[in-house]
>>> print(open('upload19.cif').read())   # mmCIF, C-alpha atoms
data_final
#
loop_
_atom_site.label_atom_id
_atom_site.label_comp_id
_atom_site.auth_asym_id
_atom_site.auth_seq_id
_atom_site.Cartn_x
_atom_site.Cartn_y
_atom_site.Cartn_z
CA MET P 1 -150.06 10.74 40.47
CA LYS P 2 -153.74 11.33 41.15
CA GLU P 3 -156.23 9.94 38.65
CA ALA P 4 -157.54 13.49 38.15
CA SER P 5 -154.01 14.69 37.34
CA LYS P 6 -153.56 11.97 34.71
CA LYS P 7 -156.92 12.84 33.19
CA ALA P 8 -155.96 16.54 33.09
CA ILE P 9 -152.88 15.76 30.99
CA PHE P 10 -154.87 14.12 28.19
CA GLU P 11 -157.65 16.69 28.41
CA ALA P 12 -155.11 19.49 27.94
CA PHE P 13 -153.95 17.94 24.67
CA ALA P 14 -157.54 17.50 23.52
CA ILE P 15 -158.55 21.07 24.40
CA GLU P 16 -155.64 22.67 22.57
CA ALA P 17 -155.99 20.36 19.55
CA GLU P 18 -159.65 21.32 19.28
CA CYS P 19 -158.72 25.00 19.51
CA LEU P 20 -156.27 24.86 16.61
CA LYS P 21 -158.64 22.73 14.53
CA ASN P 22 -161.40 25.34 14.88
CA ALA P 23 -159.19 28.45 14.82
CA VAL P 24 -158.55 28.19 11.08
CA GLU P 25 -162.22 29.02 10.50
CA TYR P 26 -161.54 32.47 11.98
CA VAL P 27 -158.71 33.24 9.55
CA ASN P 28 -159.68 36.16 7.34
CA GLU P 29 -157.50 35.89 4.24
CA ASP P 30 -157.77 39.58 3.37
CA CYS P 31 -156.75 40.65 6.88
CA PHE P 32 -153.82 38.27 6.92
CA ALA P 33 -152.75 39.51 3.48
CA GLN P 34 -152.79 43.10 4.74
CA ALA P 35 -150.81 42.13 7.84
CA VAL P 36 -148.20 40.26 5.80
CA GLU P 37 -147.82 43.20 3.43
CA LEU P 38 -147.32 45.62 6.32
CA LEU P 39 -144.76 43.38 8.02
CA ALA P 40 -142.90 42.66 4.77
CA ASN P 41 -142.47 46.37 4.05
CA ALA P 42 -141.78 47.64 7.56
CA GLN P 43 -138.32 48.98 8.39
CA ARG P 44 -138.92 48.04 12.03
CA ILE P 45 -141.50 45.94 13.84
CA GLY P 46 -142.57 46.37 17.45
CA ALA P 47 -144.78 44.09 19.52
CA ALA P 48 -146.42 44.46 22.90
CA GLY P 49 -148.69 42.51 25.17
CA CYS P 50 -149.05 41.82 28.88
CA GLY P 51 -148.60 38.57 30.76
CA HIS P 52 -148.63 35.49 28.56
CA SER P 53 -149.44 37.63 25.52
CA GLY P 54 -146.29 39.62 26.17
CA ILE P 55 -144.21 36.46 26.39
CA ALA P 56 -145.70 35.30 23.08
CA CYS P 57 -144.84 38.71 21.59
CA GLN P 58 -141.22 38.19 22.60
CA HIS P 59 -141.32 34.89 20.72
CA PHE P 60 -142.82 36.68 17.70
CA THR P 61 -140.13 39.36 17.57
CA HIS P 62 -137.46 36.67 17.71
CA LEU P 63 -139.18 34.87 14.83
CA MET P 64 -139.09 38.10 12.85
CA CYS P 65 -135.39 38.58 13.53
CA CYS P 66 -134.79 35.00 12.36
CA ILE P 67 -136.07 36.02 8.91
CA GLU P 68 -134.24 39.34 9.07
CA ARG P 69 -137.22 41.59 9.77
CA PRO P 70 -135.80 43.89 12.48
CA ALA P 71 -138.11 43.56 15.47
CA ARG P 72 -138.23 44.33 19.16
CA PHE P 73 -140.54 43.52 22.03
CA ILE P 74 -141.56 46.80 23.64
CA SER P 75 -142.39 46.36 27.29
CA PRO P 76 -145.66 48.11 28.17
CA ALA P 77 -143.95 49.52 31.26
CA GLU P 78 -141.03 50.93 29.26
CA ALA P 79 -143.12 52.02 26.27
CA VAL P 80 -144.50 55.07 28.07
CA HIS P 81 -141.03 55.95 29.35
CA GLY P 82 -139.38 56.44 25.97
CA ALA P 83 -139.10 52.96 24.46
CA THR P 84 -141.58 53.88 21.71
CA GLY P 85 -138.79 56.05 20.32
CA TYR P 86 -137.76 52.84 18.55
CA LEU P 87 -140.77 53.24 16.27
CA GLN P 88 -140.79 55.66 13.35
CA GLU P 89 -143.38 56.65 10.75
CA GLY P 90 -144.21 53.69 8.52
CA ASP P 91 -143.08 51.06 11.04
CA VAL P 92 -145.48 48.41 12.31
CA MET P 93 -146.61 47.76 15.88
CA VAL P 94 -148.30 44.49 16.79
CA PHE P 95 -150.58 44.38 19.83
CA ALA P 96 -151.71 41.10 21.36
CA SER P 97 -154.66 41.30 23.73
CA ARG P 98 -157.32 38.63 23.93
CA GLY P 99 -159.91 41.09 25.25
CA GLY P 100 -158.57 44.06 23.28
CA LYS P 101 -158.87 46.39 26.26
CA THR P 102 -155.58 45.91 28.12
CA SER P 103 -155.17 49.28 29.81
CA GLU P 104 -151.35 49.22 29.66
CA LEU P 105 -151.48 49.03 25.86
CA LEU P 106 -153.90 51.87 25.17
CA PRO P 107 -151.36 54.70 25.70
CA ILE P 108 -148.99 52.91 23.30
CA LEU P 109 -151.76 52.83 20.69
CA ASP P 110 -152.15 56.61 21.04
CA ILE P 111 -148.40 57.09 20.57
CA CYS P 112 -148.42 54.89 17.46
CA LYS P 113 -151.28 56.83 15.90
CA ALA P 114 -149.52 60.15 16.61
CA LYS P 115 -146.27 58.84 15.08
CA LYS P 116 -148.07 57.35 12.04
CA VAL P 117 -146.98 53.83 12.94
CA LYS P 118 -149.15 51.13 11.40
CA VAL P 119 -150.96 48.92 13.92
CA ILE P 120 -151.88 45.24 13.79
CA THR P 121 -154.05 44.00 16.65
CA ILE P 122 -154.61 40.35 17.48
CA THR P 123 -157.69 39.87 19.64
CA GLU P 124 -160.93 37.97 20.15
CA ASN P 125 -162.82 41.22 20.63
CA THR P 126 -163.12 42.99 17.28
CA GLU P 127 -165.16 45.78 18.88
CA SER P 128 -162.48 46.61 21.45
CA PRO P 129 -160.43 49.84 21.59
CA LEU P 130 -157.27 48.10 20.39
CA ALA P 131 -159.16 46.61 17.45
CA LYS P 132 -160.92 49.81 16.49
CA GLY P 133 -157.64 51.73 16.60
CA ALA P 134 -155.83 49.22 14.39
CA ASP P 135 -155.08 49.29 10.68
CA VAL P 136 -155.48 45.51 10.56
CA VAL P 137 -157.22 43.14 12.99
CA LEU P 138 -156.45 39.43 13.17
CA ARG P 139 -159.12 37.57 15.05
CA GLN P 140 -158.04 35.11 17.70
CA TYR P 141 -160.11 32.10 18.68
CA VAL P 142 -159.94 30.34 22.03
CA ASN P 143 -162.31 27.57 23.10
CA ARG P 144 -161.14 27.38 26.74
CA GLU P 145 -157.98 27.30 28.80
CA THR P 146 -156.64 23.89 29.81
CA ASP P 147 -156.89 24.24 33.60
CA LYS P 148 -160.14 23.26 35.29
CA TYR P 149 -160.83 26.86 36.29
CA ASN P 150 -160.47 28.10 32.68
CA SER P 151 -158.27 30.94 33.90
CA GLN P 152 -154.58 30.25 33.10
CA GLY P 153 -153.07 31.57 29.85
CA THR P 154 -152.58 28.18 28.21
CA THR P 155 -154.76 27.54 25.16
CA SER P 156 -154.94 31.28 24.52
CA THR P 157 -151.14 31.42 24.31
CA THR P 158 -151.08 28.48 21.90
CA SER P 159 -153.73 30.18 19.76
CA LEU P 160 -151.76 33.42 19.69
CA CYS P 161 -148.50 31.68 18.83
CA MET P 162 -150.26 29.87 15.98
CA ILE P 163 -151.15 33.23 14.46
CA PHE P 164 -147.54 34.38 14.85
CA HIS P 165 -146.28 31.16 13.25
CA ALA P 166 -148.66 31.55 10.32
CA LEU P 167 -147.45 35.13 9.78
CA GLN P 168 -143.83 34.03 9.79
CA ALA P 169 -144.49 31.17 7.36
CA ALA P 170 -146.23 33.59 4.99
CA LEU P 171 -143.41 36.14 5.30
CA VAL P 172 -140.81 33.52 4.36
CA GLU P 173 -142.71 33.14 1.09
CA GLU P 174 -143.56 36.81 0.63
CA THR P 175 -139.96 37.99 1.06
CA ASP P 176 -138.35 35.00 -0.72
CA TYR P 177 -136.31 34.36 2.40
CA ARG P 178 -133.72 31.64 1.82
CA ASN P 179 -132.34 29.06 4.19
CA GLU P 180 -128.82 30.13 3.18
CA GLN P 181 -129.57 33.50 4.76
CA PHE P 182 -130.70 31.83 7.96
CA ALA P 183 -127.56 29.70 8.01
CA LEU P 184 -125.43 32.86 8.16
CA ILE P 185 -127.23 34.32 11.18
CA HIS P 186 -127.78 30.99 12.98
CA PRO P 187 -124.41 29.22 13.23
CA GLY P 188 -125.10 28.11 16.81
CA GLY P 189 -126.50 24.86 18.16
CA ALA P 190 -127.68 21.74 16.36
CA VAL P 191 -129.74 23.83 13.92
CA GLY P 192 -126.69 25.90 13.00
CA GLU P 193 -124.61 22.77 12.55
CA ARG P 194 -127.20 21.27 10.21
CA LEU P 195 -127.67 24.50 8.24
CA ASN P 196 -123.95 24.95 7.74
CA SER P 197 -123.00 21.31 7.21
CA LYS P 198 -122.68 21.87 3.48
#
>>> encode(input="upload19.cif", output="structure tokens")
Amino acid sequence: MKEASKKAIFEAFAIEAECLKNAVEYVNEDCFAQAVELLANAQRIGAAGCGHSGIACQHFTHLMCCIERPARFISPAEAVHGATGYLQEGDVMVFASRGGKTSELLPILDICKAKKVKVITITENTESPLAKGADVVLRQYVNRETDKYNSQGTTSTTSLCMIFHALQAALVEETDYRNEQFALIHPGGAVGERLNSK
């Protein structure tokens, strides 16, 4: 392995560790409280993003299902071809867009507003269209991506997932979700074996 490659490995850990250490300073407690309340009371939760943000949104919706908050990733491509029919008045839609201007997401925002679906936007750009159209904005912080060109969705994905993990941890508390409930819906794998060993 090249010396530069070895150096890049350790720098990647350092960059992402620094990001998470500093990101907590951007946590607005009131905004998170509003987001948790919306998610706790929603009949259905949707989430959408493009590229790495979209992949992180798929992770988020699975996390929500794991605590029995019905959720679905809505593909930006399918959203404008009927998939937003999943969402009804009072539901919650989560948008993830670092710049807050992802063109594929803007028509979905319009649909959500017309259907009276509550919107949570996660973004660095609080002046962006997706932020201004949201009911709640959670600010994302990214220092830099881990590759030398600062262009791959690495640290930004970690930062986004950290916000999703914090939301889930808060919802476990807010909804009094019990591990016994999780054991019922997760009988598979090593986790299922441990949960159901009693």
>>> atom_distance(input="upload19.cif", atom1="atom CA of P:Cys112", atom2="atom CA of P:Met93")
7.5 Å
>>> resolve_selection(input="upload19.cif", expression="the PyMOL selection byres ((chain P and resi 114) around 12)", output="PyMOL selection string")
chain P and resi 84+87-90+107-113+115-119+133
>>> atom_distance(input="upload19.cif", atom1="atom CA of P:Glu68", atom2="atom CA of P:Leu167")
13.9 Å
>>> residues_around(input="upload19.cif", residues="stretch 123-128 of chain P", least_positions_apart="5", cutoff="8 Å", atoms="all atoms listed in the file", output="ChimeraX atom specification")
/P:96-101,137-142
>>> atom_distance(input="upload19.cif", atom1="atom CA of P:Gly54", atom2="atom CA of P:Ala77")
11.4 Å
>>> resolve_selection(input="upload19.cif", expression="the PyMOL selection byres ((chain P and resi 165) around 12)", output="list in words")
Val36, Ala56, Cys57, His59, Phe60, Thr61, His62, Leu63, Met64, Thr158, Ser159, Leu160, Cys161, Met162, Ile163, Phe164, Ala166, Leu167, Gln168, Ala169, Ala170, Leu171 and Val172 of chain P
>>> closest_residue(input="upload19.cif", among="P:Cys65, P:Ala35, P:Lys6, P:Thr154", to="P:Cys19", atoms="all atoms listed in the file")
P:Thr154
>>> closest_residue(input="upload19.cif", among="P:Ser5, P:Ser103, P:Ser75, P:Thr121", to="P:Phe32", atoms="all atoms listed in the file")
P:Thr121
>>> residues_around(input="upload19.cif", residues="P:Ile15", least_positions_apart="6", cutoff="12 Å", atoms="all atoms listed in the file", output="short mmCIF file (atom, residue, chain, number, x, y, z; two decimals) with C-alpha atoms, in the coordinates of the input")
data_model
loop_
_atom_site.label_atom_id
_atom_site.label_comp_id
_atom_site.auth_asym_id
_atom_site.auth_seq_id
_atom_site.Cartn_x
_atom_site.Cartn_y
_atom_site.Cartn_z
CA ALA P 8 -155.96 16.54 33.09
CA ILE P 9 -152.88 15.76 30.99
CA LYS P 21 -158.64 22.73 14.53
CA ASN P 22 -161.40 25.34 14.88
CA VAL P 142 -159.94 30.34 22.03
CA ASN P 143 -162.31 27.57 23.10
CA ARG P 144 -161.14 27.38 26.74
CA GLU P 145 -157.98 27.30 28.80
CA THR P 146 -156.64 23.89 29.81
CA ASP P 147 -156.89 24.24 33.60
CA LYS P 148 -160.14 23.26 35.29
CA ASN P 150 -160.47 28.10 32.68
CA THR P 154 -152.58 28.18 28.21
CA THR P 155 -154.76 27.54 25.16
CA SER P 156 -154.94 31.28 24.52
CA THR P 158 -151.08 28.48 21.90
CA SER P 159 -153.73 30.18 19.76
#
>>> closest_residue(input="upload19.cif", among="P:Gln152, P:Ile67, P:Glu18, P:Ile45", to="P:His186", atoms="all atoms listed in the file")
P:Ile67
>>> closest_residue(input="upload19.cif", among="P:Leu105, P:Arg178, P:Cys66, P:Phe95", to="P:Ala134", atoms="only C-alpha atoms")
P:Phe95
>>> closest_residue(input="upload19.cif", among="P:Glu173, P:Glu180, P:Asp91, P:Glu104", to="P:Gln43", atoms="all atoms listed in the file")
P:Asp91
